[in-house]
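Q: See query_36.cif below, with mmCIF, C-alpha atoms.
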data_upload
loop_
_atom_site.group_PDB
_atom_site.id
_atom_site.type_symbol
_atom_site.label_atom_id
_atom_site.label_comp_id
_atom_site.auth_asym_id
_atom_site.auth_seq_id
_atom_site.Cartn_x
_atom_site.Cartn_y
_atom_site.Cartn_z
ATOM 1 C CA MET Q 1 118.241 0.919 22.074
ATOM 2 C CA LYS Q 2 115.801 3.302 23.805
ATOM 3 C CA GLU Q 3 118.471 6.025 23.883
ATOM 4 C CA LYS Q 4 118.936 5.673 20.122
ATOM 5 C CA THR Q 5 115.175 6.010 19.592
ATOM 6 C CA ASN Q 6 114.999 9.075 21.842
ATOM 7 C CA LEU Q 7 117.929 10.667 20.018
ATOM 8 C CA LEU Q 8 116.307 9.968 16.641
ATOM 9 C CA ASN Q 9 113.057 11.508 17.855
ATOM 10 C CA LEU Q 10 114.912 14.653 18.941
ATOM 11 C CA VAL Q 11 116.659 14.837 15.574
ATOM 12 C CA TYR Q 12 113.355 14.456 13.687
ATOM 13 C CA VAL Q 13 111.660 17.134 15.806
ATOM 14 C CA ALA Q 14 114.577 19.546 15.315
ATOM 15 C CA MET Q 15 114.824 18.763 11.608
ATOM 16 C CA PHE Q 16 111.160 19.514 10.996
ATOM 17 C CA ALA Q 17 111.289 22.685 13.127
ATOM 18 C CA ALA Q 18 114.112 23.751 10.785
ATOM 19 C CA ILE Q 19 112.076 22.764 7.709
ATOM 20 C CA ILE Q 20 109.126 24.853 8.934
ATOM 21 C CA THR Q 21 111.552 27.753 9.467
ATOM 22 C CA ILE Q 22 112.836 27.433 5.902
ATOM 23 C CA CYS Q 23 109.268 27.231 4.588
ATOM 24 C CA ALA Q 24 108.424 30.439 6.499
ATOM 25 C CA GLN Q 25 111.059 32.319 4.531
ATOM 26 C CA ILE Q 26 109.573 31.331 1.177
ATOM 27 C CA GLN Q 27 106.923 34.015 0.985
ATOM 28 C CA ILE Q 28 104.948 36.555 -0.969
ATOM 29 C CA PRO Q 29 104.644 39.545 1.373
ATOM 30 C CA THR Q 30 101.145 40.909 2.024
ATOM 31 C CA ALA Q 31 99.377 42.094 5.206
ATOM 32 C CA VAL Q 32 99.230 38.426 6.191
ATOM 33 C CA PRO Q 33 102.131 36.920 4.187
ATOM 34 C CA PHE Q 34 101.697 34.002 1.795
ATOM 35 C CA THR Q 35 104.276 31.498 3.060
ATOM 36 C CA LEU Q 36 104.949 27.793 2.899
ATOM 37 C CA GLN Q 37 104.838 27.408 6.705
ATOM 38 C CA THR Q 38 101.637 25.403 6.581
ATOM 39 C CA LEU Q 39 103.190 23.076 4.008
ATOM 40 C CA GLY Q 40 105.991 22.389 6.497
ATOM 41 C CA VAL Q 41 103.481 21.859 9.306
ATOM 42 C CA PHE Q 42 101.398 19.481 7.158
ATOM 43 C CA VAL Q 43 104.405 17.367 6.174
ATOM 44 C CA ALA Q 44 105.914 17.328 9.673
ATOM 45 C CA SER Q 45 102.720 16.238 11.398
ATOM 46 C CA ALA Q 46 101.701 13.698 8.748
ATOM 47 C CA LEU Q 47 105.112 12.017 8.728
ATOM 48 C CA LEU Q 48 105.978 12.330 12.433
ATOM 49 C CA GLY Q 49 102.526 11.799 13.941
ATOM 50 C CA TRP Q 50 100.761 13.969 16.450
ATOM 51 C CA LYS Q 51 103.310 13.850 19.275
ATOM 52 C CA ARG Q 52 106.516 14.558 17.375
ATOM 53 C CA GLY Q 53 104.798 16.700 14.731
ATOM 54 C CA THR Q 54 103.129 18.930 17.307
ATOM 55 C CA LEU Q 55 106.382 19.089 19.255
ATOM 56 C CA SER Q 56 108.278 20.219 16.148
ATOM 57 C CA VAL Q 57 105.737 23.039 15.702
ATOM 58 C CA ALA Q 58 106.009 23.943 19.401
ATOM 59 C CA VAL Q 59 109.816 24.112 19.107
ATOM 60 C CA TYR Q 60 109.440 26.361 16.058
ATOM 61 C CA ILE Q 61 107.042 28.665 17.935
ATOM 62 C CA LEU Q 62 109.189 28.770 21.083
ATOM 63 C CA LEU Q 63 112.273 29.624 19.035
ATOM 64 C CA GLY Q 64 110.366 32.504 17.497
ATOM 65 C CA LEU Q 65 109.008 33.607 20.872
ATOM 66 C CA ILE Q 66 112.504 33.965 22.344
ATOM 67 C CA GLY Q 67 113.565 36.074 19.384
ATOM 68 C CA VAL Q 68 115.190 33.662 16.960
ATOM 69 C CA PRO Q 69 114.193 34.965 13.490
ATOM 70 C CA VAL Q 70 112.242 31.889 12.374
ATOM 71 C CA PHE Q 71 108.941 33.516 11.391
ATOM 72 C CA ALA Q 72 108.126 34.911 7.942
ATOM 73 C CA GLY Q 73 110.578 37.531 6.754
ATOM 74 C CA PHE Q 74 113.223 36.411 9.261
ATOM 75 C CA THR Q 75 111.270 37.902 12.156
ATOM 76 C CA GLY Q 76 110.922 36.653 15.692
ATOM 77 C CA GLY Q 77 110.013 37.745 19.191
ATOM 78 C CA ALA Q 78 106.937 38.123 21.332
ATOM 79 C CA GLY Q 79 105.809 41.139 19.307
ATOM 80 C CA VAL Q 80 105.328 38.982 16.234
ATOM 81 C CA LEU Q 81 103.730 36.103 18.100
ATOM 82 C CA PHE Q 82 101.323 38.345 20.010
ATOM 83 C CA GLY Q 83 100.667 40.632 17.039
ATOM 84 C CA LEU Q 84 97.902 40.537 14.459
ATOM 85 C CA THR Q 85 99.076 37.386 12.674
ATOM 86 C CA GLY Q 86 100.388 35.530 15.722
ATOM 87 C CA GLY Q 87 97.159 33.581 16.092
ATOM 88 C CA TYR Q 88 97.851 31.826 12.808
ATOM 89 C CA ILE Q 89 101.302 30.825 14.036
ATOM 90 C CA ILE Q 90 99.828 29.490 17.286
ATOM 91 C CA GLY Q 91 97.095 27.861 15.190
ATOM 92 C CA PHE Q 92 99.789 25.684 13.619
ATOM 93 C CA LEU Q 93 99.706 23.687 16.877
ATOM 94 C CA PHE Q 94 96.063 22.794 16.230
ATOM 95 C CA THR Q 95 96.886 21.975 12.613
ATOM 96 C CA ALA Q 96 99.733 19.668 13.624
ATOM 97 C CA PHE Q 97 97.622 17.943 16.254
ATOM 98 C CA ILE Q 98 94.681 17.330 13.918
ATOM 99 C CA VAL Q 99 96.806 16.141 10.990
ATOM 100 C CA GLY Q 100 98.999 14.010 13.226
ATOM 101 C CA ILE Q 101 96.199 12.361 15.185
ATOM 102 C CA MET Q 102 94.200 11.552 12.053
ATOM 103 C CA CYS Q 103 97.249 10.071 10.323
ATOM 104 C CA ASP Q 104 98.150 8.100 13.459
ATOM 105 C CA LYS Q 105 94.634 6.689 13.789
ATOM 106 C CA LEU Q 106 93.576 6.316 10.141
ATOM 107 C CA GLY Q 107 96.868 5.890 8.296
ATOM 108 C CA ARG Q 108 98.324 7.954 5.493
ATOM 109 C CA LYS Q 109 95.853 7.175 2.740
ATOM 110 C CA LEU Q 110 95.378 10.026 0.285
ATOM 111 C CA TRP Q 111 91.883 10.852 1.523
ATOM 112 C CA VAL Q 112 93.073 10.897 5.160
ATOM 113 C CA LEU Q 113 95.930 13.225 4.288
ATOM 114 C CA ALA Q 114 93.691 15.599 2.332
ATOM 115 C CA LEU Q 115 90.904 15.606 4.923
ATOM 116 C CA SER Q 116 93.220 15.957 7.921
ATOM 117 C CA MET Q 117 95.125 18.826 6.316
ATOM 118 C CA THR Q 118 91.891 20.576 5.368
ATOM 119 C CA LEU Q 119 90.498 20.219 8.902
ATOM 120 C CA GLY Q 120 93.818 21.266 10.412
ATOM 121 C CA LEU Q 121 93.935 24.340 8.208
ATOM 122 C CA LEU Q 122 90.343 25.158 9.127
ATOM 123 C CA ALA Q 123 91.278 25.054 12.821
ATOM 124 C CA CYS Q 124 94.226 27.343 12.122
ATOM 125 C CA TYR Q 125 91.972 29.748 10.194
ATOM 126 C CA VAL Q 126 89.426 29.838 13.025
ATOM 127 C CA PHE Q 127 91.981 30.410 15.779
ATOM 128 C CA GLY Q 128 94.019 32.868 13.731
ATOM 129 C CA THR Q 129 91.017 34.901 12.578
ATOM 130 C CA VAL Q 130 89.550 35.156 16.077
ATOM 131 C CA TRP Q 131 92.992 36.223 17.345
ATOM 132 C CA PHE Q 132 93.325 38.744 14.495
ATOM 133 C CA MET Q 133 89.945 40.246 15.327
ATOM 134 C CA LEU Q 134 90.714 40.500 19.050
ATOM 135 C CA ILE Q 135 94.079 42.203 18.476
ATOM 136 C CA TYR Q 136 92.690 44.417 15.716
ATOM 137 C CA ASN Q 137 89.713 45.488 17.845
ATOM 138 C CA TYR Q 138 92.004 46.210 20.795
ATOM 139 C CA THR Q 139 94.650 48.148 18.866
ATOM 140 C CA MET Q 140 92.948 49.704 15.832
ATOM 141 C CA GLY Q 141 89.213 49.750 16.366
ATOM 142 C CA SER Q 142 86.372 47.514 15.340
ATOM 143 C CA ILE Q 143 86.511 44.989 12.499
ATOM 144 C CA SER Q 144 83.699 42.711 11.398
ATOM 145 C CA LEU Q 145 84.003 38.991 10.899
ATOM 146 C CA VAL Q 146 83.306 39.427 7.186
ATOM 147 C CA SER Q 147 86.108 41.996 6.870
ATOM 148 C CA ALA Q 148 88.519 39.814 8.844
ATOM 149 C CA LEU Q 149 87.702 36.798 6.684
ATOM 150 C CA GLY Q 150 88.129 38.943 3.592
ATOM 151 C CA MET Q 151 91.593 40.035 4.740
ATOM 152 C CA CYS Q 152 92.881 36.887 6.404
ATOM 153 C CA VAL Q 153 91.217 33.868 4.835
ATOM 154 C CA ALA Q 154 89.692 34.504 1.414
ATOM 155 C CA PRO Q 155 92.934 35.627 -0.278
ATOM 156 C CA PHE Q 156 94.677 32.450 0.910
ATOM 157 C CA LEU Q 157 92.144 29.750 0.040
ATOM 158 C CA LEU Q 158 93.474 28.876 -3.415
ATOM 159 C CA PHE Q 159 97.104 29.070 -2.328
ATOM 160 C CA ASP Q 160 96.384 26.889 0.729
ATOM 161 C CA ALA Q 161 94.517 24.342 -1.419
ATOM 162 C CA ILE Q 162 97.618 24.101 -3.614
ATOM 163 C CA LYS Q 163 99.788 23.633 -0.496
ATOM 164 C CA ILE Q 164 97.496 20.848 0.721
ATOM 165 C CA ALA Q 165 97.707 19.107 -2.664
ATOM 166 C CA ALA Q 166 101.502 19.451 -2.677
ATOM 167 C CA ALA Q 167 101.768 18.186 0.912
ATOM 168 C CA VAL Q 168 99.541 15.182 0.147
ATOM 169 C CA VAL Q 169 101.718 14.210 -2.807
ATOM 170 C CA LEU Q 170 104.942 14.836 -0.881
ATOM 171 C CA VAL Q 171 103.873 12.829 2.173
ATOM 172 C CA ASN Q 172 102.513 10.028 -0.004
ATOM 173 C CA ARG Q 173 105.853 9.747 -1.851
ATOM 174 C CA LEU Q 174 108.049 10.137 1.234
ATOM 175 C CA ASP Q 175 105.997 7.604 3.196
ATOM 176 C CA LYS Q 176 106.982 4.946 0.683
ATOM 177 C CA VAL Q 177 110.734 5.537 1.060
ATOM 178 C CA VAL Q 178 111.296 7.060 4.531
ATOM 179 C CA ARG Q 179 110.381 5.546 7.896
ATOM 180 C CA LEU Q 180 110.191 8.219 10.575
#
Any chance you could give the structure as structure tokens?
A:
Amino acid sequence: MKEKTNLLNLVYVAMFAAIITICAQIQIPTAVPFTLQTLGVFVASALLGWKRGTLSVAVYILLGLIGVPVFAGFTGGAGVLFGLTGGYIIGFLFTAFIVGIMCDKLGRKLWVLALSMTLGLLACYVFGTVWFMLIYNYTMGSISLVSALGMCVAPFLLFDAIKIAAAVVLVNRLDKVVRL
């Protein structure tokens, strides 16, 4: 029975890594692309919990690191991960952990889902923006926090709020019919 459980866990982790990959390809290209990656991360971590959800994000990131074209625009490789926007991709680990741990501890009530996804996204924004500033300052010159926030966070707030709302509804509906 334990082998069946372990196999199912591997399948769930792989399935959600694939879902995040698909979500990454649904994008509106800009300097920092609008994608549905965070939607995939929210759903994976809320449904799978912190261990399997964070692992599915780690698998996604490792696939991209070794060059599999899983990131936005069918890109991959260390250059993408360690480039300007790579901090947001790595920040997905923090998002998955926060969403997963809150859902594991507090359940999947609507307010828990919304709050955990908001806090997870905030962690991703913080890590990604600090990363962006470090890489930008090293490669292109100085950038202020206000400028970085104006480029990397402000344009995405409304879109990310819509993704959180969609993820909350999706997880709430799936939780009633699927046991992962």
Q: Take atom CA of Met117 of chain Q and atom CA of Leu7 of chain Q and report the distance between them in Å, one decimal.
A: 27.8 Å
Q: Which segment 147-171 of chain Q residues have any atom within 12 Å of an atom of segment 70-85 of chain Q, and for each, what is the nearest pair of atoms with distance in Å to one decimal, counting only C-alpha atoms, rows sorted by chain and number, as a Markdown table?
A:
| residue | atom | partner | partner_atom | distance |
| --- | --- | --- | --- | --- |
| Q:Ala148 | CA | Q:Leu84 | CA | 11.0 |
| Q:Met151 | CA | Q:Thr85 | CA | 11.2 |
| Q:Cys152 | CA | Q:Thr85 | CA | 8.8 |
| Q:Val153 | CA | Q:Thr85 | CA | 11.6 |
Q: What's the 12 Å shell around segment 110-116 of chain Q, counting all atoms listed in the file, without same-chain residues fewer than 4 positions away, as JSON, numbers by chain?
A: {"Q": [41, 42, 43, 45, 46, 47, 49, 50, 94, 95, 96, 97, 98, 99, 100, 101, 102, 103, 104, 105, 106, 120, 121, 122, 123, 160, 161, 162, 163, 164, 165, 166, 167, 168, 169, 170, 171, 172, 173, 175]}
Q: If I take atom CA of Cys23 of chain Q and atom CA of Ile89 of chain Q, how far is one from the other in Å, to one decimal?
A: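 Straight-line distance from atom CA of Cys23 of chain Q to atom CA of Ile89 of chain Q works out to 12.9 Å.
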Q: To one decimal place, how far is atom CA of Phe92 of chain Q from atom CA of Thr38 of chain Q in Å?
A: 7.3 Å
Q: Could you work out an axis-aligned bounding box for all listed atoms of segment 61-69 of chain Q, with 8 Å added on each of the six sides, and give its centre and edge lengths in Å to one decimal, as AutoDock Vina command-line options?
A:
--center_x 111.1 --center_y 32.4 --center_z 17.9 --size_x 24.1 --size_y 23.4 --size_z 24.9
Q: Care to translate the PyMOL selection byres ((chain Q and resi 36) around 8) into actual residues of this file, as number ranges by chain?
A: Q: 20, 23-27, 34-35, 37-40, 163
Q: List the residues matched by the PyMOL selection byres ((chain Q and resi 136-139) around 12) in the displayed structure as a PyMOL selection string, ordered by chain and then by residue number.
A: chain Q and resi 82-87+128-135+140-145+147-148+151-152
Q: Counting only C-alpha atoms, note down every residue that has an atom within 10 Å of the point (110.9, 25.2, 13.1) (file coordinates), as a list in words.
A: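 Residues lying no farther than 10 Å from the given point: Val13, Ala14, Met15, Phe16, Ala17, Ala18, Ile19, Ile20, Thr21, Ile22, Cys23, Ala24, Gln37, Gly40, Val41, Ala44, Leu55, Ser56, Val57, Ala58, Val59, Tyr60, Ile61, Leu62, Leu63, Gly64, Val70 and Phe71 of chain Q.
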Q: Starting from the incomplete input, reconstruct N, CA and C atoms of segment 108-142 of chain Q and write that as a tab-separated table (two decimals), in the frame of the given file.
A:
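Written output follows (out-v2.tsv):
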chain	number	residue	atom	x	y	z
Q	108	ARG	N	97.95	6.86	6.40
Q	108	ARG	CA	98.32	7.95	5.49
Q	108	ARG	C	97.75	7.76	4.09
Q	109	LYS	N	96.52	7.29	4.03
Q	109	LYS	CA	95.85	7.18	2.74
Q	109	LYS	C	95.64	8.59	2.20
Q	110	LEU	N	95.52	8.70	0.89
Q	110	LEU	CA	95.38	10.03	0.28
Q	110	LEU	C	94.20	10.81	0.85
Q	111	TRP	N	93.06	10.15	1.02
Q	111	TRP	CA	91.88	10.85	1.52
Q	111	TRP	C	92.09	11.30	2.96
Q	112	VAL	N	92.80	10.51	3.77
Q	112	VAL	CA	93.07	10.90	5.16
Q	112	VAL	C	93.98	12.12	5.18
Q	113	LEU	N	95.02	12.09	4.36
Q	113	LEU	CA	95.93	13.22	4.29
Q	113	LEU	C	95.18	14.49	3.88
Q	114	ALA	N	94.41	14.42	2.82
Q	114	ALA	CA	93.69	15.60	2.33
Q	114	ALA	C	92.68	16.11	3.36
Q	115	LEU	N	91.91	15.20	3.94
Q	115	LEU	CA	90.90	15.61	4.92
Q	115	LEU	C	91.55	16.16	6.19
Q	116	SER	N	92.58	15.50	6.68
Q	116	SER	CA	93.22	15.96	7.92
Q	116	SER	C	93.86	17.33	7.72
Q	117	MET	N	94.49	17.54	6.58
Q	117	MET	CA	95.12	18.83	6.32
Q	117	MET	C	94.08	19.93	6.14
Q	118	THR	N	92.97	19.60	5.52
Q	118	THR	CA	91.89	20.58	5.37
Q	118	THR	C	91.31	20.95	6.73
Q	119	LEU	N	91.04	19.94	7.57
Q	119	LEU	CA	90.50	20.22	8.90
Q	119	LEU	C	91.52	20.96	9.77
Q	120	GLY	N	92.77	20.58	9.66
Q	120	GLY	CA	93.82	21.27	10.41
Q	120	GLY	C	93.94	22.71	10.00
Q	121	LEU	N	93.87	22.96	8.70
Q	121	LEU	CA	93.94	24.34	8.21
Q	121	LEU	C	92.72	25.13	8.66
Q	122	LEU	N	91.55	24.50	8.66
Q	122	LEU	CA	90.34	25.16	9.13
Q	122	LEU	C	90.50	25.59	10.59
Q	123	ALA	N	91.04	24.71	11.41
Q	123	ALA	CA	91.28	25.05	12.82
Q	123	ALA	C	92.24	26.24	12.94
Q	124	CYS	N	93.27	26.24	12.13
Q	124	CYS	CA	94.23	27.34	12.12
Q	124	CYS	C	93.54	28.64	11.69
Q	125	TYR	N	92.72	28.58	10.66
Q	125	TYR	CA	91.97	29.75	10.19
Q	125	TYR	C	91.07	30.29	11.31
Q	126	VAL	N	90.35	29.40	11.97
Q	126	VAL	CA	89.43	29.84	13.02
Q	126	VAL	C	90.20	30.52	14.15
Q	127	PHE	N	91.22	29.84	14.67
Q	127	PHE	CA	91.98	30.41	15.78
Q	127	PHE	C	92.65	31.71	15.35
Q	128	GLY	N	93.30	31.69	14.20
Q	128	GLY	CA	94.02	32.87	13.73
Q	128	GLY	C	93.12	34.05	13.46
Q	129	THR	N	91.94	33.81	12.90
Q	129	THR	CA	91.02	34.90	12.58
Q	129	THR	C	90.41	35.49	13.85
Q	130	VAL	N	90.05	34.64	14.79
Q	130	VAL	CA	89.55	35.16	16.08
Q	130	VAL	C	90.64	35.99	16.76
Q	131	TRP	N	91.86	35.49	16.76
Q	131	TRP	CA	92.99	36.22	17.34
Q	131	TRP	C	93.17	37.57	16.63
Q	132	PHE	N	93.17	37.53	15.30
Q	132	PHE	CA	93.32	38.74	14.50
Q	132	PHE	C	92.27	39.78	14.88
Q	133	MET	N	91.03	39.33	14.99
Q	133	MET	CA	89.94	40.25	15.33
Q	133	MET	C	90.12	40.83	16.73
Q	134	LEU	N	90.51	40.01	17.68
Q	134	LEU	CA	90.71	40.50	19.05
Q	134	LEU	C	91.82	41.55	19.10
Q	135	ILE	N	92.96	41.26	18.47
Q	135	ILE	CA	94.08	42.20	18.48
Q	135	ILE	C	93.71	43.46	17.69
Q	136	TYR	N	93.09	43.28	16.54
Q	136	TYR	CA	92.69	44.42	15.72
Q	136	TYR	C	91.73	45.32	16.49
Q	137	ASN	N	90.70	44.72	17.09
Q	137	ASN	CA	89.71	45.49	17.84
Q	137	ASN	C	90.35	46.21	19.03
Q	138	TYR	N	91.34	45.60	19.64
Q	138	TYR	CA	92.00	46.21	20.80
Q	138	TYR	C	92.94	47.34	20.38
Q	139	THR	N	93.62	47.18	19.25
Q	139	THR	CA	94.65	48.15	18.87
Q	139	THR	C	94.21	49.16	17.82
Q	140	MET	N	93.27	48.81	16.95
Q	140	MET	CA	92.95	49.70	15.83
Q	140	MET	C	91.48	50.09	15.73
Q	141	GLY	N	90.65	49.47	16.48
Q	141	GLY	CA	89.21	49.75	16.37
Q	141	GLY	C	88.48	48.51	15.93
Q	142	SER	N	87.24	48.66	15.62
Q	142	SER	CA	86.37	47.51	15.34
Q	142	SER	C	86.57	46.98	13.92
